[in-house]
Amino acid sequence: MIRRRISELLVAVLAAATLTALPAGPAAADEVEQVRNGTFDTGSEPWWSSAGVTSGVSEGKLCGDVPGGTVNRWDAAIGQNDITLVKGESYRLGFTASGNPGGHVLRAVVGLSVEPYDTYFEVSPEMSVSGNTYSYTFTSPVDTTQGQVAFQLGGSADPWRFCVDDVSLLGGVPPEVYEPDTGPRVRVNQVGYLPRGPKNATLVTDATGPLPWRLRDARGRTVAHGRSLPRGLDASSGQNVHSIDFGAYHRHGKDFTLVADGETSHPFDIGADAYASLRTDSLKYYYTQRSGIEILDSLRPGYARPAGHLNVAPNTGDDDVPCVPGVCDYTLDVTGGWYDAGDHGKYVVNGGISTWQLLSEYERSRHARTGHPSALGDGTLAIPESANGVPDILDEARWELEFLLRMQVPAGEPLAGMAHSKVHDAKWTGLPLLPQLDSEKRELHAPTTQATLNLAATAAQAARVYRHYDAEFADKALKAAEAAWSAAVAHPDTYPSPDDAIGGGAYADDKATDEFYWAAAELYLTTGQKRYADHLLASPLHTADVFGGVGFDWASTAALGRLDLATVPNRLPGRDKVRASVVEAADAYLATAEAHPYAIPYAQPGNRYDWGSNSQILDNAVVVASAFDITGRRAYRDAAVESIDYILGRNALNQSYVTGYGEVGSHNQHSRWYAHELDPGLPNPPKGTLAGGANSGLEDPFAQGKLQGCVGQFCYIDDIQSYSTNETAINWNAALAWMASFVADQS
């Protein structure tokens, strides 16, 4: 759950991007024009142009000669200030624009004309020489009289000419109604089912009685048939649904379809190959998220880029980063690590849980009855470290671990041993923006107890996992972990400020008892020391239900310690009760999944879907899978395997949430560099990237403008501007990688 983007208005875009062939119609009586002189009949006033752009009225249009050699979109612009916006009101932005030569990408922005230059709407159409007319509808998230309509024109190596006319911003227009295309009413896992695993589908229908269904192979032959089970109204989608169980069919094959109620599902396979690929691709994601290293085209074709944030202009770099004013008087080298999500920030608490889950995936392969260590071995991920004799998953996790270690306050400083919470830009940046082109100042933010304990936990875990491969690194990690623990004990309530959200997410958290429990668990598992066992046994969390409706996330980490105590061999007194508590939690998730027509182990009060709901579903499935590892009971195995159906297409929207997997899948996740939707010269997210998923809170302006009144699963849109439903994040992909590995192991 990444509840940190609510203030990210700089990248929030409300565009309901609809290219039209005709200009907008005349304003109704209650529609108010906000742009002055949008037809340029009286010259160019009050429009302005930035330095270097020569502009003037030509043939009734405002034209600007844009210089070449600029880096950022905002380096060259034409605009108008003093635009009034009313919070909650819908607006229609319209204009006709052309570019010569064609092919240049315009960034049209409605935002704030003064610092911090928040962006409320943006869209990036590609210009043609003949010109096109554009119309977009959005809802303002603020009240302001200092708004701005701007056309950002920079970022081109070559000069070009831009012309615009009929610029209009009408207030009071009706909001556009968004209706997603959900395809056939038979919802299936579009990737595949295990031959000896559960095979279920959901049928959306008004029928109240059972309906016949047929399973057809690639040739169209019926290979199985039966009747559906009516389930009534599904509260999570508002649909009347039936369940279809075709688990009795065990034969391998490709391109099966399921036919029921006159509808034919998207095709799917029966076999295990897709999950082996998904395991690999979901882990390969991390290489292209790396900071401080060149991404090689030979390893990720189409994703090559120079290293980001290494003090190569225009970057200010991460090798000598100062603190936010008033926090410290030193600088740190905090190069490396993974960019957290769709921005260029790096956060210890989200890096901590992500690293833990990759290391946990590796430890499971070593300890679980169905684990396969070779599937995560050296050479499996095509990264620069491949062929070094170390499993690639450990090489990838170490890239983040080394960064986490660099975030520790040095010896001799007042908070020595603590960990800085994050490093990111001093101001929010817009989309798109490749890491190497980010020119904003980088800043370290205050150390916190939570960040310090994330460091203690992951470094302690690393000390035992890497011991066999690099004893020196293991010793270094353990020393850092123990120093972090001592520092956290000395500063137990140094919490992050919820207001620290300029240029990066706050990751606010008002408790640290769960991080203490997790860190103590990892330190005990690695050292066996009594002081850590004593902390665990004395903690109220040790006997509490630390799972609840949401098993764990970056802000609730006690379950991480509980899972490792249950599954990593150790001699903690009363460990049988620890293992039983995981099974008890899995029973609750199992009951939830069995009652849910879409078979997901997730049902929040009030039918609420939280930010990052897809990762929450997967993490709850991790608990169920762990119960299988503990007990060997097939019911847990099947429920965990079936949970991934929702992620891969068996959901109300009838789409996969993983890029490159499924007939219809997410591919426009919110990111500054996987921004093909905004810039055709940039790629979509790499294959194996998970989208955040439905978010009932609609915590970005684009989602607010499109999805008002949505029910549960329908609170999602695959658009780069919807960061609260469609972002990519390192902790979300960690959950996907863990579960993909588990499912692949069951073959």
# chains A, B, ... in the order shown; residues from 1 in each chain; ligands from 1
call {"tool": "residues_around", "arguments": {"residues": "Asp438 of chain A", "least_positions_apart": "6", "cutoff": "10 Å", "atoms": "only C-alpha atoms", "output": "list of chain:residue names"}}
result
A:Val71, A:Asn72, A:Gly308, A:His309, A:Ala313, A:Pro314, A:Asn315, A:Thr316, A:Gly317, A:His344, A:Asp425, A:Thr429, A:Gly430
call {"tool": "write_last_selection", "arguments": {"atoms": "N, CA and C atoms", "output": "PDB file, in the first residue's frame"}}
result
ATOM      1  N   VAL A  71      16.456  20.167 -23.085  1.00  0.00           N
ATOM      2  CA  VAL A  71      16.429  18.848 -22.437  1.00  0.00           C
ATOM      3  C   VAL A  71      15.030  18.486 -21.965  1.00  0.00           C
ATOM      4  N   ASN A  72      14.386  19.394 -21.229  1.00  0.00           N
ATOM      5  CA  ASN A  72      13.091  19.114 -20.616  1.00  0.00           C
ATOM      6  C   ASN A  72      11.958  19.760 -21.398  1.00  0.00           C
ATOM      7  N   GLY A 308      21.210   6.818 -14.022  1.00  0.00           N
ATOM      8  CA  GLY A 308      20.534   7.965 -13.435  1.00  0.00           C
ATOM      9  C   GLY A 308      21.144   8.369 -12.117  1.00  0.00           C
ATOM     10  N   HIS A 309      21.206   9.678 -11.876  1.00  0.00           N
ATOM     11  CA  HIS A 309      21.605  10.246 -10.593  1.00  0.00           C
ATOM     12  C   HIS A 309      23.032   9.867 -10.183  1.00  0.00           C
ATOM     13  N   ALA A 313      25.528  15.824 -15.671  1.00  0.00           N
ATOM     14  CA  ALA A 313      24.531  16.850 -15.986  1.00  0.00           C
ATOM     15  C   ALA A 313      23.459  16.283 -16.930  1.00  0.00           C
ATOM     16  N   PRO A 314      22.184  16.636 -16.669  1.00  0.00           N
ATOM     17  CA  PRO A 314      21.724  17.640 -15.704  1.00  0.00           C
ATOM     18  C   PRO A 314      21.473  17.109 -14.292  1.00  0.00           C
ATOM     19  N   ASN A 315      21.736  15.809 -14.034  1.00  0.00           N
ATOM     20  CA  ASN A 315      21.564  15.287 -12.668  1.00  0.00           C
ATOM     21  C   ASN A 315      22.443  16.043 -11.673  1.00  0.00           C
ATOM     22  N   THR A 316      21.910  16.213 -10.454  1.00  0.00           N
ATOM     23  CA  THR A 316      22.772  16.667  -9.359  1.00  0.00           C
ATOM     24  C   THR A 316      23.432  15.484  -8.675  1.00  0.00           C
ATOM     25  N   GLY A 317      22.875  14.285  -8.864  1.00  0.00           N
ATOM     26  CA  GLY A 317      23.546  13.063  -8.420  1.00  0.00           C
ATOM     27  C   GLY A 317      23.247  12.661  -6.996  1.00  0.00           C
ATOM     28  N   HIS A 344      11.472   9.224  -9.052  1.00  0.00           N
ATOM     29  CA  HIS A 344      12.900   8.977  -8.891  1.00  0.00           C
ATOM     30  C   HIS A 344      13.324   8.912  -7.426  1.00  0.00           C
ATOM     31  N   ASP A 425      13.929  14.103  -4.924  1.00  0.00           N
ATOM     32  CA  ASP A 425      14.037  15.459  -5.424  1.00  0.00           C
ATOM     33  C   ASP A 425      13.430  16.463  -4.446  1.00  0.00           C
ATOM     34  N   THR A 429       8.529  16.372  -9.933  1.00  0.00           N
ATOM     35  CA  THR A 429       8.788  16.551 -11.355  1.00  0.00           C
ATOM     36  C   THR A 429       7.618  15.993 -12.150  1.00  0.00           C
ATOM     37  N   GLY A 430       7.525  16.392 -13.400  1.00  0.00           N
ATOM     38  CA  GLY A 430       6.427  15.954 -14.249  1.00  0.00           C
ATOM     39  C   GLY A 430       6.773  14.718 -15.049  1.00  0.00           C
TER      40      GLY A 430
END
call {"tool": "residues_around", "arguments": {"residues": "Ser354 of chain A", "least_positions_apart": "3", "cutoff": "6 Å", "atoms": "only C-alpha atoms", "output": "tab-separated table (two decimals) with C-alpha atoms, in the first residue's frame"}}
result
chain	number	residue	atom	x	y	z
A	351	GLY	CA	12.87	-0.78	-0.09
A	357	GLN	CA	10.23	-10.41	0.05
A	731	ASN	CA	6.97	-3.76	-3.19
A	734	ALA	CA	7.93	-8.30	-4.96
call {"tool": "residues_around", "arguments": {"residues": "Asp395 of chain A", "least_positions_apart": "5", "cutoff": "10 Å", "atoms": "only C-alpha atoms", "output": "PyMOL selection string"}}
result
chain A and resi 378+381+383-386+388-390+400-401+466
call {"tool": "write_last_selection", "arguments": {"atoms": "C-alpha atoms", "output": "short mmCIF file (atom, residue, chain, number, x, y, z; two decimals), in the first residue's frame"}}
result
data_model
loop_
_atom_site.label_atom_id
_atom_site.label_comp_id
_atom_site.auth_asym_id
_atom_site.auth_seq_id
_atom_site.Cartn_x
_atom_site.Cartn_y
_atom_site.Cartn_z
CA ASP A 378 22.82 -17.77 -11.23
CA LEU A 381 17.65 -13.02 -14.75
CA ILE A 383 21.64 -8.97 -15.19
CA PRO A 384 25.20 -7.62 -15.20
CA GLU A 385 26.15 -9.86 -12.27
CA SER A 386 24.99 -13.08 -13.94
CA ASN A 388 29.31 -14.75 -10.86
CA GLY A 389 28.41 -17.91 -8.97
CA VAL A 390 25.69 -16.18 -6.89
CA GLU A 400 19.03 -2.43 -3.01
CA LEU A 401 20.72 -3.67 0.16
CA TYR A 466 24.61 -14.18 1.87
#
call {"tool": "residues_around", "arguments": {"residues": "Asn614 of chain A", "least_positions_apart": "5", "cutoff": "7 Å", "atoms": "only C-alpha atoms", "output": "MDAnalysis selection string"}}
result
chainID A and resid 647 692:693
call {"tool": "write_last_selection", "arguments": {"atoms": "C-alpha atoms", "output": "PDB file, in the first residue's frame"}}
result
ATOM      1  CA  ILE A 647      -4.469 -10.716 -10.985  1.00  0.00           C
ATOM      2  CA  GLY A 692      -1.497  -1.230  -8.281  1.00  0.00           C
ATOM      3  CA  GLY A 693      -5.131  -2.128  -8.882  1.00  0.00           C
TER       4      GLY A 693
END
call {"tool": "residues_around", "arguments": {"residues": "segment 202-213 of chain A", "least_positions_apart": "3", "cutoff": "8 Å", "atoms": "only C-alpha atoms", "output": "list in words"}}
result
Arg185, Val186, Arg187, Val188, His225, Gly226, Arg227, Ser228, Leu229, Pro230, Gly232, Gln239, Asn240, Val241, His242, Ser243, Ile244, Leu258, Val259, Ala260, Asp261, Pro597, Tyr598, Arg650 and Asn651 of chain A
call {"tool": "residues_around", "arguments": {"residues": "Ala375 of chain A", "least_positions_apart": "6", "cutoff": "9 Å", "atoms": "only C-alpha atoms", "output": "ChimeraX atom specification"}}
result
/A:276,279-280,365,741,745
call {"tool": "write_last_selection", "arguments": {"atoms": "N, CA, C and O atoms", "output": "PDB file, in the first residue's frame"}}
result
ATOM      1  N   ALA A 276       6.598 -20.106 -14.801  1.00  0.00           N
ATOM      2  CA  ALA A 276       8.055 -20.035 -14.768  1.00  0.00           C
ATOM      3  C   ALA A 276       8.519 -18.745 -15.423  1.00  0.00           C
ATOM      4  O   ALA A 276       9.432 -18.070 -14.923  1.00  0.00           O
ATOM      5  N   ARG A 279       7.600 -15.756 -13.096  1.00  0.00           N
ATOM      6  CA  ARG A 279       8.568 -15.655 -12.002  1.00  0.00           C
ATOM      7  C   ARG A 279       9.799 -14.871 -12.464  1.00  0.00           C
ATOM      8  O   ARG A 279      10.271 -13.959 -11.779  1.00  0.00           O
ATOM      9  N   THR A 280      10.305 -15.227 -13.630  1.00  0.00           N
ATOM     10  CA  THR A 280      11.508 -14.579 -14.147  1.00  0.00           C
ATOM     11  C   THR A 280      11.251 -13.126 -14.508  1.00  0.00           C
ATOM     12  O   THR A 280      12.009 -12.231 -14.123  1.00  0.00           O
ATOM     13  N   SER A 365      12.657 -21.118  -1.340  1.00  0.00           N
ATOM     14  CA  SER A 365      13.154 -22.123  -2.283  1.00  0.00           C
ATOM     15  C   SER A 365      14.106 -23.107  -1.608  1.00  0.00           C
ATOM     16  O   SER A 365      14.243 -24.251  -2.054  1.00  0.00           O
ATOM     17  N   SER A 741       6.526 -17.411  -8.165  1.00  0.00           N
ATOM     18  CA  SER A 741       7.476 -18.477  -7.876  1.00  0.00           C
ATOM     19  C   SER A 741       6.792 -19.642  -7.173  1.00  0.00           C
ATOM     20  O   SER A 741       7.033 -20.813  -7.490  1.00  0.00           O
ATOM     21  N   ASP A 745       6.371 -23.393  -8.708  1.00  0.00           N
ATOM     22  CA  ASP A 745       6.905 -24.541  -7.959  1.00  0.00           C
ATOM     23  C   ASP A 745       5.882 -25.669  -7.824  1.00  0.00           C
ATOM     24  O   ASP A 745       6.266 -26.835  -7.629  1.00  0.00           O
TER      25      ASP A 745
END
call {"tool": "select_by_dssp", "arguments": {"residues": "segment 4-225 of chain A", "states": "helix (DSSP H, G or I)", "output": "NGL selection string"}}
result
:A and (9-11 or 73-75)
call {"tool": "write_last_selection", "arguments": {"atoms": "N, CA, C and O atoms", "output": "tab-separated table (two decimals), in the first residue's frame"}}
result
chain	number	residue	atom	x	y	z
A	9	LEU	N	0.33	16.44	-7.02
A	9	LEU	CA	-0.45	17.10	-8.05
A	9	LEU	C	0.40	17.46	-9.26
A	9	LEU	O	-0.10	17.67	-10.35
A	10	LEU	N	1.72	17.54	-9.06
A	10	LEU	CA	2.57	17.90	-10.18
A	10	LEU	C	2.45	16.91	-11.31
A	10	LEU	O	2.64	17.26	-12.47
A	11	VAL	N	2.17	15.67	-11.00
A	11	VAL	CA	2.09	14.68	-12.06
A	11	VAL	C	0.66	14.18	-12.23
A	11	VAL	O	0.41	13.26	-12.97
A	73	ARG	N	10.76	19.21	-21.24
A	73	ARG	CA	9.59	19.78	-21.92
A	73	ARG	C	9.40	21.25	-21.53
A	73	ARG	O	9.05	22.08	-22.36
A	74	TRP	N	9.61	21.57	-20.26
A	74	TRP	CA	9.34	22.91	-19.76
A	74	TRP	C	10.44	23.92	-20.08
A	74	TRP	O	10.34	25.09	-19.73
A	75	ASP	N	11.49	23.49	-20.76
A	75	ASP	CA	12.56	24.42	-21.15
A	75	ASP	C	12.11	25.40	-22.22
A	75	ASP	O	12.78	26.42	-22.46
call {"tool": "closest_residue", "arguments": {"among": "A:Val582, A:Val109, A:Ala150, A:Leu653", "to": "Cys715 of chain A", "atoms": "only C-alpha atoms"}}
result
A:Leu653
call {"tool": "residues_around", "arguments": {"residues": "Ala627 of chain A", "least_positions_apart": "4", "cutoff": "8 Å", "atoms": "only C-alpha atoms", "output": "JSON, numbers by chain"}}
result
{"A": [582, 583, 586, 623, 631, 632, 633, 636]}
call {"tool": "select_by_dssp", "arguments": {"residues": "segment 296-543 of chain A", "states": "strand (DSSP E)", "output": "ChimeraX atom specification"}}
result
/A:321-322,331-332,346-347,419-420,422-425,442-444,447-448
